[in-house]
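Next comes data34.txt, a file with compact mmCIF, C-alpha atoms and all ligand atoms.
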# COMPACT_ATOMS: atom_id res chain seq x y z
CA MET A 1 -163.10 57.37 -144.00
CA LEU A 2 -161.76 60.35 -142.05
CA THR A 3 -164.76 62.18 -140.62
CA LYS A 4 -165.18 65.48 -138.78
CA ALA A 5 -166.54 65.23 -135.26
CA PHE A 6 -166.69 67.00 -131.92
CA ALA A 7 -165.21 65.17 -128.96
CA ALA A 8 -164.56 65.54 -125.26
CA GLN A 9 -160.97 64.52 -124.51
CA SER A 10 -161.66 64.08 -120.78
CA ALA A 11 -164.48 64.52 -118.27
CA THR A 12 -163.44 68.11 -117.69
CA THR A 13 -162.27 69.18 -121.17
CA PRO A 14 -164.68 71.26 -123.27
CA PHE A 15 -165.79 69.73 -126.57
CA ALA A 16 -163.49 70.52 -129.49
CA PRO A 17 -163.10 69.49 -133.14
CA HIS A 18 -161.73 65.99 -133.59
CA THR A 19 -161.27 63.63 -136.52
CA ILE A 20 -162.52 60.04 -136.37
CA ASP A 21 -162.25 57.11 -138.74
CA ARG A 22 -165.50 55.59 -140.02
CA ARG A 23 -165.43 52.16 -141.61
CA ALA A 24 -166.17 51.83 -145.31
CA PRO A 25 -169.54 50.07 -145.65
CA GLY A 26 -169.36 46.28 -145.42
CA PRO A 27 -171.94 44.08 -147.23
CA LYS A 28 -174.75 44.84 -144.74
CA ASP A 29 -173.73 48.40 -143.84
CA VAL A 30 -175.33 51.74 -144.57
CA ALA A 31 -173.05 54.81 -144.77
CA ILE A 32 -174.96 57.87 -143.60
CA GLU A 33 -174.26 61.59 -143.87
CA ILE A 34 -175.54 63.04 -140.58
CA LEU A 35 -177.90 66.01 -140.99
CA PHE A 36 -179.18 66.46 -137.42
CA CYS A 37 -178.36 65.03 -134.02
CA GLY A 38 -180.36 65.56 -130.83
CA VAL A 39 -178.66 66.29 -127.51
CA CYS A 40 -179.68 63.81 -124.80
CA HIS A 41 -178.90 64.15 -121.10
CA SER A 42 -177.16 60.77 -121.44
CA ASP A 43 -174.63 62.50 -123.73
CA LEU A 44 -173.78 64.82 -120.85
CA HIS A 45 -173.67 62.01 -118.25
CA THR A 46 -171.27 60.11 -120.54
CA ALA A 47 -169.03 62.96 -121.75
CA ARG A 48 -168.61 64.33 -118.23
CA GLY A 49 -167.78 60.90 -116.81
CA GLU A 50 -170.85 60.86 -114.55
CA TRP A 51 -171.51 57.23 -115.41
CA PRO A 52 -168.71 54.66 -115.12
CA GLY A 53 -166.82 53.52 -118.21
CA THR A 54 -166.46 56.53 -120.49
CA GLN A 55 -163.59 56.07 -122.92
CA TYR A 56 -162.00 59.25 -124.28
CA PRO A 57 -162.00 60.82 -126.75
CA CYS A 58 -165.78 60.64 -126.43
CA VAL A 59 -168.09 61.57 -129.33
CA PRO A 60 -171.70 61.35 -128.04
CA GLY A 61 -174.96 61.60 -129.98
CA HIS A 62 -177.63 58.94 -130.47
CA GLU A 63 -180.55 60.83 -131.99
CA ILE A 64 -179.37 60.79 -135.58
CA ILE A 65 -181.16 61.77 -138.76
CA GLY A 66 -179.16 61.50 -141.96
CA LYS A 67 -179.06 60.79 -145.65
CA VAL A 68 -177.79 57.50 -147.05
CA MET A 69 -174.53 58.00 -148.96
CA ALA A 70 -173.77 54.39 -149.88
CA VAL A 71 -174.94 50.88 -149.07
CA GLY A 72 -173.25 47.48 -148.99
CA LYS A 73 -174.14 44.93 -151.65
CA GLU A 74 -176.40 42.87 -149.38
CA VAL A 75 -178.42 45.86 -148.14
CA SER A 76 -182.00 45.57 -149.34
CA ARG A 77 -184.00 48.08 -147.31
CA PHE A 78 -182.10 51.29 -148.05
CA LYS A 79 -180.70 53.13 -151.03
CA PRO A 80 -178.52 56.22 -151.51
CA GLY A 81 -180.35 59.51 -151.03
CA GLN A 82 -182.89 58.05 -148.59
CA ILE A 83 -183.51 59.80 -145.23
CA VAL A 84 -182.91 57.44 -142.30
CA GLY A 85 -182.55 57.42 -138.54
CA VAL A 86 -180.10 55.84 -136.09
CA GLY A 87 -180.86 55.66 -132.38
CA CYS A 88 -179.05 54.40 -129.31
CA MET A 89 -177.85 51.02 -130.57
CA VAL A 90 -175.68 49.94 -133.49
CA GLU A 91 -175.22 46.22 -132.75
CA SER A 92 -176.31 43.32 -130.52
CA CYS A 93 -175.71 39.55 -130.54
CA ARG A 94 -178.82 38.92 -132.73
CA THR A 95 -179.18 35.37 -131.39
CA CYS A 96 -180.28 35.56 -127.74
CA ALA A 97 -183.90 35.46 -126.58
CA GLN A 98 -184.03 39.26 -126.16
CA CYS A 99 -182.70 39.94 -129.65
CA HIS A 100 -185.08 37.31 -130.98
CA ASP A 101 -187.96 39.20 -129.36
CA GLY A 102 -186.85 42.47 -130.98
CA LEU A 103 -185.73 43.89 -127.64
CA GLU A 104 -182.07 44.29 -128.53
CA GLN A 105 -181.57 46.80 -125.70
CA TYR A 106 -181.81 43.89 -123.24
CA CYS A 107 -179.42 41.66 -125.24
CA ASP A 108 -178.05 38.78 -123.13
CA GLY A 109 -174.94 38.45 -125.32
CA PRO A 110 -171.49 38.69 -123.76
CA ILE A 111 -171.32 42.49 -124.06
CA GLY A 112 -175.04 43.26 -124.40
CA PHE A 113 -176.04 45.76 -127.06
CA THR A 114 -173.43 48.07 -128.56
CA GLY A 115 -174.25 51.69 -127.84
CA THR A 116 -174.07 54.16 -130.72
CA TYR A 117 -171.40 55.93 -128.68
CA ASN A 118 -168.98 54.69 -126.02
CA GLY A 119 -170.01 51.14 -126.96
CA PRO A 120 -167.18 48.59 -126.64
CA VAL A 121 -166.47 46.87 -129.95
CA GLY A 122 -163.65 44.55 -128.89
CA GLY A 123 -160.12 45.67 -129.60
CA GLY A 124 -160.47 49.12 -131.14
CA PRO A 125 -161.77 52.30 -129.59
CA ASN A 126 -165.35 52.45 -128.32
CA THR A 127 -167.99 53.60 -130.80
CA TYR A 128 -168.32 57.24 -131.78
CA GLY A 129 -171.78 58.78 -132.02
CA GLY A 130 -173.68 61.43 -133.88
CA TYR A 131 -171.73 64.59 -133.04
CA SER A 132 -170.03 63.89 -136.36
CA ALA A 133 -170.47 64.33 -140.09
CA ALA A 134 -171.12 60.67 -140.94
CA ILE A 135 -171.65 57.20 -139.50
CA THR A 136 -171.64 53.63 -140.83
CA VAL A 137 -174.25 51.29 -139.35
CA ASP A 138 -175.49 47.75 -140.03
CA GLU A 139 -178.88 48.02 -141.74
CA HIS A 140 -180.59 46.13 -138.90
CA PHE A 141 -180.09 49.21 -136.71
CA VAL A 142 -181.14 51.78 -139.33
CA LEU A 143 -184.70 53.13 -139.17
CA ASN A 144 -187.06 54.29 -141.92
CA ILE A 145 -188.12 57.92 -141.64
CA ASN A 146 -191.42 58.92 -143.24
CA HIS A 147 -191.84 62.46 -141.92
CA ALA A 148 -191.79 65.47 -144.26
CA GLU A 149 -188.39 66.99 -144.98
CA LYS A 150 -189.22 70.22 -143.10
CA ASP A 151 -189.71 68.20 -139.90
CA LEU A 152 -186.47 66.23 -139.94
CA ALA A 153 -184.61 68.18 -137.23
CA ALA A 154 -187.61 67.77 -134.91
CA VAL A 155 -187.76 64.04 -135.69
CA ALA A 156 -184.17 63.37 -134.53
CA PRO A 157 -184.99 63.23 -130.77
CA LEU A 158 -187.60 60.56 -131.40
CA LEU A 159 -184.64 58.18 -131.79
CA CYS A 160 -183.94 58.31 -128.03
CA ALA A 161 -186.29 60.64 -126.13
CA GLY A 162 -189.18 59.31 -128.20
CA ILE A 163 -188.58 55.58 -127.99
CA THR A 164 -187.45 55.68 -124.35
CA THR A 165 -190.84 57.06 -123.33
CA TRP A 166 -192.92 55.19 -125.93
CA SER A 167 -191.64 51.75 -124.91
CA PRO A 168 -192.64 51.90 -121.20
CA LEU A 169 -195.91 53.70 -121.93
CA LYS A 170 -196.89 50.87 -124.28
CA HIS A 171 -195.51 48.16 -121.98
CA TRP A 172 -197.51 49.35 -118.97
CA GLY A 173 -200.64 49.94 -121.01
CA ALA A 174 -201.05 53.71 -121.23
CA GLY A 175 -204.32 54.27 -123.05
CA PRO A 176 -207.98 55.17 -122.68
CA GLY A 177 -209.28 54.87 -119.11
CA LYS A 178 -205.78 55.02 -117.61
CA LYS A 179 -204.34 57.84 -115.52
CA VAL A 180 -200.68 58.36 -116.38
CA GLY A 181 -198.16 60.70 -114.77
CA ILE A 182 -195.02 62.00 -116.46
CA VAL A 183 -192.36 63.32 -114.07
CA GLY A 184 -189.78 65.84 -115.37
CA ILE A 185 -190.63 67.87 -118.43
CA GLY A 186 -187.32 67.78 -120.27
CA GLY A 187 -186.36 66.04 -123.49
CA LEU A 188 -187.81 62.66 -122.51
CA GLY A 189 -190.67 64.01 -120.42
CA HIS A 190 -192.10 66.31 -123.08
CA MET A 191 -192.35 63.33 -125.44
CA GLY A 192 -193.84 61.24 -122.64
CA VAL A 193 -196.62 63.83 -122.31
CA LYS A 194 -197.24 63.90 -126.07
CA PHE A 195 -197.34 60.09 -126.33
CA SER A 196 -199.47 59.49 -123.25
CA HIS A 197 -201.98 62.04 -124.58
CA ALA A 198 -201.87 60.58 -128.11
CA LEU A 199 -202.44 57.07 -126.73
CA GLY A 200 -205.60 58.33 -125.01
CA ALA A 201 -204.57 58.26 -121.34
CA HIS A 202 -205.55 60.95 -118.85
CA THR A 203 -202.15 62.61 -118.64
CA VAL A 204 -200.73 64.51 -115.69
CA ALA A 205 -197.38 66.28 -116.01
CA PHE A 206 -195.20 66.78 -112.92
CA THR A 207 -192.65 69.56 -113.06
CA THR A 208 -190.38 71.42 -110.66
CA SER A 209 -190.38 74.41 -113.03
CA THR A 210 -193.39 76.71 -112.59
CA GLY A 211 -192.46 78.24 -115.94
CA LYS A 212 -193.31 74.98 -117.74
CA VAL A 213 -196.94 74.68 -116.57
CA ALA A 214 -198.52 76.34 -119.61
CA ASP A 215 -196.19 74.49 -121.99
CA ALA A 216 -197.03 71.12 -120.44
CA LYS A 217 -200.73 71.76 -121.10
CA ALA A 218 -199.94 72.72 -124.68
CA LEU A 219 -197.96 69.48 -125.06
CA GLY A 220 -201.10 67.54 -124.17
CA ALA A 221 -201.25 67.25 -120.39
CA ASP A 222 -204.79 67.23 -118.98
CA GLU A 223 -203.42 68.46 -115.65
CA VAL A 224 -200.08 69.85 -114.51
CA VAL A 225 -198.73 69.51 -110.98
CA VAL A 226 -195.85 71.53 -109.55
CA SER A 227 -194.23 68.67 -107.66
CA LYS A 228 -192.68 70.93 -105.00
CA ASP A 229 -196.20 71.95 -103.87
CA ASP A 230 -197.43 69.36 -101.35
CA ALA A 231 -201.05 70.53 -101.57
CA GLN A 232 -201.10 69.96 -105.34
CA MET A 233 -199.45 66.55 -104.91
CA LYS A 234 -201.93 65.44 -102.22
CA LYS A 235 -204.89 65.87 -104.56
CA HIS A 236 -203.56 62.94 -106.62
CA LEU A 237 -202.92 60.40 -103.81
CA ASN A 238 -203.73 56.75 -104.75
CA SER A 239 -204.89 57.64 -108.24
CA PHE A 240 -202.34 56.72 -110.91
CA ASP A 241 -202.18 53.52 -112.95
CA MET A 242 -198.68 54.41 -114.07
CA ILE A 243 -196.07 57.08 -113.54
CA LEU A 244 -193.14 57.50 -115.92
CA ASN A 245 -190.24 59.18 -114.14
CA THR A 246 -187.68 60.84 -116.42
CA VAL A 247 -185.81 62.93 -113.84
CA ALA A 248 -182.04 63.06 -114.38
CA ALA A 249 -181.15 63.73 -110.70
CA PRO A 250 -181.60 61.84 -107.42
CA HIS A 251 -184.86 62.78 -105.69
CA ASN A 252 -187.48 61.54 -103.24
CA LEU A 253 -189.39 58.75 -105.01
CA ASP A 254 -191.89 58.35 -102.14
CA ALA A 255 -193.65 61.56 -103.12
CA PHE A 256 -194.61 59.79 -106.37
CA THR A 257 -195.15 56.18 -105.26
CA ALA A 258 -197.78 57.55 -102.84
CA LEU A 259 -199.72 58.75 -105.88
CA LEU A 260 -200.02 55.25 -107.40
CA LYS A 261 -203.27 53.37 -106.95
CA ARG A 262 -203.30 49.69 -105.91
CA ASP A 263 -201.02 47.69 -108.25
CA GLY A 264 -199.80 50.87 -109.92
CA THR A 265 -196.25 51.10 -111.29
CA MET A 266 -193.73 53.87 -111.42
CA ALA A 267 -191.29 53.17 -114.24
CA LEU A 268 -187.92 54.90 -113.89
CA VAL A 269 -186.13 55.91 -117.06
CA GLY A 270 -184.05 58.77 -115.66
CA ALA A 271 -180.57 57.49 -114.83
CA PRO A 272 -178.90 59.79 -112.29
CA SER A 273 -175.22 59.20 -111.57
CA THR A 274 -175.85 58.84 -107.82
CA PRO A 275 -178.70 56.81 -106.26
CA HIS A 276 -182.12 58.09 -105.24
CA PRO A 277 -182.77 58.05 -101.49
CA SER A 278 -184.02 54.55 -100.68
CA PRO A 279 -187.79 54.40 -101.26
CA ALA A 280 -190.08 53.70 -98.26
CA VAL A 281 -191.14 50.05 -98.25
CA PHE A 282 -194.47 50.86 -96.59
CA ASN A 283 -195.46 52.97 -99.56
CA LEU A 284 -195.01 49.92 -101.76
CA VAL A 285 -196.35 47.03 -99.67
CA PHE A 286 -199.59 48.66 -98.58
CA LYS A 287 -200.97 49.01 -102.05
CA ARG A 288 -198.87 46.38 -103.83
CA ARG A 289 -197.23 49.17 -105.80
CA SER A 290 -194.15 48.64 -107.99
CA ILE A 291 -191.10 50.64 -108.89
CA ALA A 292 -189.74 49.42 -112.21
CA GLY A 293 -187.20 50.47 -114.81
CA SER A 294 -187.11 50.62 -118.58
CA LEU A 295 -184.27 50.98 -121.07
CA LEU A 296 -184.57 52.57 -124.53
CA GLY A 297 -186.71 50.46 -126.87
CA GLY A 298 -186.12 47.69 -129.42
CA ILE A 299 -185.68 48.25 -133.13
CA PRO A 300 -189.16 46.97 -134.15
CA GLU A 301 -190.90 49.16 -131.56
CA THR A 302 -188.72 52.12 -132.57
CA GLN A 303 -190.00 51.73 -136.14
CA GLU A 304 -193.56 51.37 -134.82
CA MET A 305 -193.15 54.61 -132.83
CA LEU A 306 -191.67 56.48 -135.82
CA ASP A 307 -194.53 55.31 -138.04
CA PHE A 308 -197.10 56.30 -135.39
CA CYS A 309 -195.49 59.76 -135.17
CA ALA A 310 -195.45 60.21 -138.95
CA LYS A 311 -199.12 59.19 -139.14
CA HIS A 312 -200.22 61.41 -136.25
CA ASP A 313 -197.94 64.33 -137.14
CA ILE A 314 -195.95 64.10 -133.91
CA THR A 315 -192.48 65.63 -133.66
CA CYS A 316 -190.36 67.00 -130.83
CA ASP A 317 -190.24 70.62 -129.65
CA ILE A 318 -186.69 71.63 -130.41
CA GLU A 319 -184.17 74.43 -130.33
CA MET A 320 -181.58 74.14 -133.08
CA ILE A 321 -177.96 74.80 -132.19
CA LYS A 322 -174.59 74.77 -133.91
CA MET A 323 -172.09 72.05 -133.00
CA GLN A 324 -169.84 74.78 -131.59
CA ASP A 325 -172.54 75.71 -129.02
CA ILE A 326 -172.62 72.33 -127.30
CA GLU A 327 -171.04 73.53 -124.04
CA THR A 328 -173.69 76.26 -123.66
CA ALA A 329 -176.37 73.68 -124.42
CA TYR A 330 -175.08 71.37 -121.66
CA ALA A 331 -174.96 74.26 -119.17
CA ARG A 332 -178.58 75.12 -119.98
CA MET A 333 -179.63 71.46 -119.74
CA LEU A 334 -178.23 71.37 -116.19
CA LYS A 335 -180.44 74.37 -115.34
CA ASN A 336 -183.57 72.62 -116.73
CA ASP A 337 -183.61 75.36 -119.35
CA VAL A 338 -184.31 73.38 -122.52
CA LYS A 339 -187.55 73.68 -124.49
CA TYR A 340 -187.51 70.83 -124.99
CA ARG A 341 -184.61 69.31 -126.87
CA PHE A 342 -181.49 70.79 -128.41
CA VAL A 343 -180.78 69.49 -131.90
CA ILE A 344 -177.44 70.08 -133.59
CA ASP A 345 -177.54 71.23 -137.20
CA MET A 346 -174.64 69.20 -138.56
CA ALA A 347 -174.16 71.68 -141.40
CA SER A 348 -172.34 73.71 -138.73
CA LEU A 349 -169.60 71.07 -138.61
CA LYS A 350 -168.71 71.35 -142.29
P1 LIG A 401 -183.43 66.62 -119.50
O1 LIG A 401 -183.88 67.14 -120.82
O2 LIG A 401 -182.35 67.33 -118.78
O3 LIG A 401 -184.77 66.55 -118.58
C1 LIG A 401 -184.76 66.12 -117.26
C2 LIG A 401 -185.86 66.87 -116.50
O4 LIG A 401 -185.89 66.35 -115.17
C3 LIG A 401 -185.61 68.34 -116.32
O5 LIG A 401 -185.99 69.12 -117.43
C4 LIG A 401 -186.45 68.66 -115.09
O6 LIG A 401 -187.81 68.80 -115.48
C5 LIG A 401 -186.34 67.39 -114.29
N1 LIG A 401 -185.35 67.54 -113.21
C6 LIG A 401 -184.04 67.78 -113.33
N2 LIG A 401 -183.44 67.83 -112.13
C7 LIG A 401 -184.40 67.59 -111.22
C8 LIG A 401 -184.41 67.47 -109.81
N3 LIG A 401 -183.29 67.64 -109.09
N4 LIG A 401 -185.58 67.17 -109.21
C9 LIG A 401 -186.70 67.00 -109.91
N5 LIG A 401 -186.75 67.12 -111.28
C10 LIG A 401 -185.61 67.41 -111.91
O7 LIG A 401 -182.94 65.12 -119.60
P2 LIG A 401 -183.43 63.96 -120.63
O8 LIG A 401 -182.57 63.99 -121.83
O9 LIG A 401 -184.89 64.01 -120.74
O10 LIG A 401 -182.98 62.66 -119.81
C11 LIG A 401 -183.55 62.39 -118.54
C12 LIG A 401 -182.82 61.23 -117.89
O11 LIG A 401 -183.14 60.03 -118.58
C13 LIG A 401 -181.30 61.32 -117.91
O12 LIG A 401 -180.79 60.80 -116.68
C14 LIG A 401 -180.91 60.42 -119.04
O13 LIG A 401 -179.60 59.91 -118.95
C15 LIG A 401 -181.92 59.34 -118.88
N6 LIG A 401 -182.16 58.51 -120.06
C16 LIG A 401 -182.50 57.21 -119.82
C17 LIG A 401 -182.81 56.39 -120.88
C18 LIG A 401 -183.24 54.98 -120.62
O14 LIG A 401 -183.23 54.19 -121.54
N7 LIG A 401 -183.67 54.63 -119.43
C19 LIG A 401 -182.75 56.87 -122.18
C20 LIG A 401 -182.43 58.21 -122.38
C21 LIG A 401 -182.14 59.02 -121.32
P3 LIG A 401 -188.76 69.90 -114.77
O15 LIG A 401 -188.14 71.21 -115.09
O16 LIG A 401 -190.07 69.68 -115.43
O17 LIG A 401 -188.80 69.57 -113.31
ZN ZN A 402 -180.55 59.37 -125.06
ZN ZN A 403 -178.73 39.40 -127.99
Could you show the structure in this file as structure tokens?
Amino acid sequence: MLTKAFAAQSATTPFAPHTIDRRAPGPKDVAIEILFCGVCHSDLHTARGEWPGTQYPCVPGHEIIGKVMAVGKEVSRFKPGQIVGVGCMVESCRTCAQCHDGLEQYCDGPIGFTGTYNGPVGGGPNTYGGYSAAITVDEHFVLNINHAEKDLAAVAPLLCAGITTWSPLKHWGAGPGKKVGIVGIGGLGHMGVKFSHALGAHTVAFTTSTGKVADAKALGADEVVVSKDDAQMKKHLNSFDMILNTVAAPHNLDAFTALLKRDGTMALVGAPSTPHPSPAVFNLVFKRRSIAGSLLGGIPETQEMLDFCAKHDITCDIEMIKMQDIETAYARMLKNDVKYRFVIDMASLK
């Protein structure tokens, strides 16, 4: 099925209209008309060739909300007309221990999980993502959406920004009695603040942008720290159970590890294209602190997060854009000027 999309033809070429071919639904496939797609910093890293391995033309987008157009004959969970979501993965081996545990993002199969965009499929071009009018996905990787129709654009970023913060917060036990820091109040970070607060943790937001202090409180932070201000940072020494670091650029990690209490963990989810300065070992060994990492979230926990959000009326704070405005959106993202996620209205592509 020929499908309208927006693609980058090289790391330095601006996005432009492009036509891609979507497969007709096989027995287990769901064909989806895309209504909204969030704009993740990973889209920018990939399209601009900041991470290795981008294949061009590149059609990013992995925060997809759409309407089912057709389903294969073995599909049981979805029917035409239903509103569904697709996140960062569209396939995995389904047989390894990770897939068995519902953590497909850590798939041990020969190629790991298949990303919704730029994912190798063997032979043909890499996968094309949500900056397009439609997508065909195996039902295993399609999520149920239970939010009200008016909220659908603001639900789209839950499919990456939401699950990528939810998964580590749950894994490291954010909840009542815990002090949790969220570093970087962008697309991921603003959801980290909302989730940490909703899970009952004492939540501290760290930002480099003084203009985001009031917003961070409104998002649910109990305290907000301007991380460039040493005096503000010092007040929190040795006090955090967990810090979730979403920053998209290399920075000094020591300033944050020093804030962890004994046995505390800083989980990195931000994935800058060049390394952070090497962290100081003394900061880690003296209080048995850890620096860890976390990738996306599995399909079962993504559904759990979406259901939690529908029940607790949680959505993302978004600014809607047209597909044609994607270059401006990327430029603003690089200036930390996003409140707090751009979402593309796919009607603009038609
Ligand atoms: P984003 O919306 O651009 O937010 C990143 C935030 O980091 C900025 O808003 C800014 O917040 C802060 N920041 C940026 N540059 C900084 C610097 N030099 N020093 C300190 N803070 C800085 O990006 P995003 O979409 O949330 O993505 C964040 C990162 O996570 C990206 O690298 C992305 O690729 C990665 N990611 C990882 C996963 C995963 O599974 N691990 C999944 C999705 C995305 P303040 O203005 O508050 O300082
Ligand atoms: Zn993402
Ligand atoms: Zn697997």
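Among the candidates A:Gly109, A:Gly173, A:Gly66, A:Pro60, the residue lying nearest to ligand ZN 403 (chain A) is A:Gly109 (atoms considered: all atoms listed in the file).
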Students should find that atom CA of Asp101 of chain A and atom CA of Ala198 of chain A are spaced 25.5 Å
Site check for ligand ZN 402 (chain A): residues at most 7 Å away, only C-alpha atoms and all ligand atoms, as a PDB file with C-alpha atoms, in the coordinates of the input:
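File selection-v2.pdb, as written:
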ATOM      1  CA  CYS A  40    -179.680  63.810-124.800  1.00  0.00           C
ATOM      2  CA  HIS A  41    -178.900  64.150-121.100  1.00  0.00           C
ATOM      3  CA  SER A  42    -177.160  60.770-121.440  1.00  0.00           C
ATOM      4  CA  ASP A  43    -174.630  62.500-123.730  1.00  0.00           C
ATOM      5  CA  HIS A  62    -177.630  58.940-130.470  1.00  0.00           C
ATOM      6  CA  CYS A  88    -179.050  54.400-129.310  1.00  0.00           C
ATOM      7  CA  CYS A 160    -183.940  58.310-128.030  1.00  0.00           C
ATOM      8  CA  ALA A 161    -186.290  60.640-126.130  1.00  0.00           C
TER       9      ALA A 161
END
At a cut-off of 6 Å, can you tabulate as a tab-separated table every residue of chain A near ligand LIG 401 (chain A) together with its closest atom pair and the distance in Å to one decimal, using only C-alpha atoms and all ligand atoms and ordering rows by chain then number?
residue	atom	partner	partner_atom	distance
A:Cys40	CA	A:LIG401	O8	4.1
A:His41	CA	A:LIG401	O8	3.7
A:Ser42	CA	A:LIG401	O13	3.6
A:Cys160	CA	A:LIG401	C20	5.8
A:Ala161	CA	A:LIG401	C20	5.9
A:Thr164	CA	A:LIG401	O14	5.3
A:Gly184	CA	A:LIG401	O6	3.6
A:Ile185	CA	A:LIG401	O16	3.5
A:Gly186	CA	A:LIG401	O3	3.3
A:Gly187	CA	A:LIG401	O9	3.7
A:Leu188	CA	A:LIG401	O9	3.7
A:Gly189	CA	A:LIG401	O9	5.8
A:Thr207	CA	A:LIG401	O16	3.5
A:Thr208	CA	A:LIG401	O17	3.6
A:Ser209	CA	A:LIG401	O15	4.4
A:Thr246	CA	A:LIG401	C11	4.9
A:Val247	CA	A:LIG401	O4	3.7
A:Ala248	CA	A:LIG401	O12	3.5
A:Ala249	CA	A:LIG401	N3	4.7
A:His251	CA	A:LIG401	N4	5.7
A:Val269	CA	A:LIG401	N7	3.6
A:Gly270	CA	A:LIG401	O11	3.3
A:Ala271	CA	A:LIG401	O12	3.8
A:Pro272	CA	A:LIG401	O12	4.9
A:Ser294	CA	A:LIG401	N7	5.4
A:Leu295	CA	A:LIG401	O14	3.4
A:Leu296	CA	A:LIG401	O14	3.7
A:Met333	CA	A:LIG401	O2	5.0
A:Asn336	CA	A:LIG401	O5	4.3
Nearest residue to Ala310 of chain A from the set A:Ala154, A:Val75, A:Val86, A:Val59 (distances using only C-alpha atoms):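 That would be A:Ala154, the residue with the smallest distance to Ala310 of chain A.
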Distance limit 7 Å, reference ligand ZN 403 (chain A), atoms considered: all atoms listed in the file. Which residues make the cut? Give them as a list in words. Ser92, Cys93, Arg94, Thr95, Cys96, Ala97, Gln98, Cys99, Glu104, Cys107, Asp108, Gly109, Gly112 and Phe113 of chain A
Let me make sure I understand: among A:Gly181, A:Pro279, A:Gly192, A:Gly264, which one has the smallest atom-to-atom distance to Ile243 of chain A if we use all atoms listed in the file? A:Gly181
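Distances from A:Gly129, A:His45, A:Val226, A:Met89 to Ala214 of chain A were compared using only C-alpha atoms, and the smallest one belongs to A:Val226.
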Excluding same-chain residues fewer than 6 positions from Lys178 of chain A, what lies within 8 Å of it counting all atoms listed in the file, as a PyMOL selection string? chain A and resi 201-202+240-242
Please save C-alpha atoms of the selected residues as an mmCIF file, in the frame of the given file.
data_model
loop_
_atom_site.group_PDB
_atom_site.id
_atom_site.type_symbol
_atom_site.label_atom_id
_atom_site.label_comp_id
_atom_site.auth_asym_id
_atom_site.auth_seq_id
_atom_site.Cartn_x
_atom_site.Cartn_y
_atom_site.Cartn_z
ATOM 1 C CA ALA A 201 -204.570 58.260 -121.340
ATOM 2 C CA HIS A 202 -205.550 60.950 -118.850
ATOM 3 C CA PHE A 240 -202.340 56.720 -110.910
ATOM 4 C CA ASP A 241 -202.180 53.520 -112.950
ATOM 5 C CA MET A 242 -198.680 54.410 -114.070
#
What lies within 9 Å of Leu159 of chain A using all atoms listed in the file, ignoring chain neighbours under 2 positions off, as a PDB file with C-alpha atoms, keeping the file's coordinate frame?
ATOM      1  CA  GLY A  38    -180.360  65.560-130.830  1.00  0.00           C
ATOM      2  CA  HIS A  62    -177.630  58.940-130.470  1.00  0.00           C
ATOM      3  CA  GLU A  63    -180.550  60.830-131.990  1.00  0.00           C
ATOM      4  CA  ILE A  64    -179.370  60.790-135.580  1.00  0.00           C
ATOM      5  CA  ILE A  65    -181.160  61.770-138.760  1.00  0.00           C
ATOM      6  CA  GLY A  85    -182.550  57.420-138.540  1.00  0.00           C
ATOM      7  CA  VAL A  86    -180.100  55.840-136.090  1.00  0.00           C
ATOM      8  CA  GLY A  87    -180.860  55.660-132.380  1.00  0.00           C
ATOM      9  CA  CYS A  88    -179.050  54.400-129.310  1.00  0.00           C
ATOM     10  CA  LEU A 143    -184.700  53.130-139.170  1.00  0.00           C
ATOM     11  CA  VAL A 155    -187.760  64.040-135.690  1.00  0.00           C
ATOM     12  CA  ALA A 156    -184.170  63.370-134.530  1.00  0.00           C
ATOM     13  CA  PRO A 157    -184.990  63.230-130.770  1.00  0.00           C
ATOM     14  CA  ALA A 161    -186.290  60.640-126.130  1.00  0.00           C
ATOM     15  CA  GLY A 162    -189.180  59.310-128.200  1.00  0.00           C
ATOM     16  CA  ILE A 163    -188.580  55.580-127.990  1.00  0.00           C
ATOM     17  CA  THR A 164    -187.450  55.680-124.350  1.00  0.00           C
ATOM     18  CA  THR A 302    -188.720  52.120-132.570  1.00  0.00           C
ATOM     19  CA  LEU A 306    -191.670  56.480-135.820  1.00  0.00           C
TER      20      LEU A 306
END
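When atom CA of Tyr131 of chain A is paired with atom CA of Gln105 of chain A, their separation reads 21.6 Å.
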Check the smallest atom-to-atom distance from each of A:Ser348, A:Thr315, A:Asn245, A:Asn146 to Met191 of chain A using all atoms listed in the file, then report the winner.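 Smallest separation from Met191 of chain A among the options: A:Thr315.
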For Thr274 of chain A, which residue among A:Pro250, A:Lys235, A:Thr203, A:Phe195 is the nearest when counting all atoms listed in the file?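 Of all the options, A:Pro250 lies closest to Thr274 of chain A.
Going from atom CA of Ile318 of chain A over to atom CA of Ala153 of chain A, you cover 7.9 Å.
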If I put a ball of radius 12 Å at (-197.7, 75.1, -119.9) in the file's coordinates, which residues poke into it when counting only C-alpha atoms, written as a PyMOL selection string? chain A and resi 185+190+193+204-207+209-226+339
What's the 9 Å shell around Pro14 of chain A, counting only C-alpha atoms, without same-chain residues fewer than 6 positions away, as a PyMOL selection string? chain A and resi 7-8+326-327
Within 7 Å of file point (-179.8, 55.8, -151.8), counting all atoms listed in the file, expressed as a list of chain:residue names: A:Val68, A:Met69, A:Ala70, A:Phe78, A:Lys79, A:Pro80, A:Gly81, A:Gln82
Please write the residues from the selection above to a file, keeping C-alpha atoms, as a compact mmCIF listing (two decimals), keeping the file's coordinate frame.
# COMPACT_ATOMS: atom_id res chain seq x y z
CA VAL A 68 -177.79 57.50 -147.05
CA MET A 69 -174.53 58.00 -148.96
CA ALA A 70 -173.77 54.39 -149.88
CA PHE A 78 -182.10 51.29 -148.05
CA LYS A 79 -180.70 53.13 -151.03
CA PRO A 80 -178.52 56.22 -151.51
CA GLY A 81 -180.35 59.51 -151.03
CA GLN A 82 -182.89 58.05 -148.59
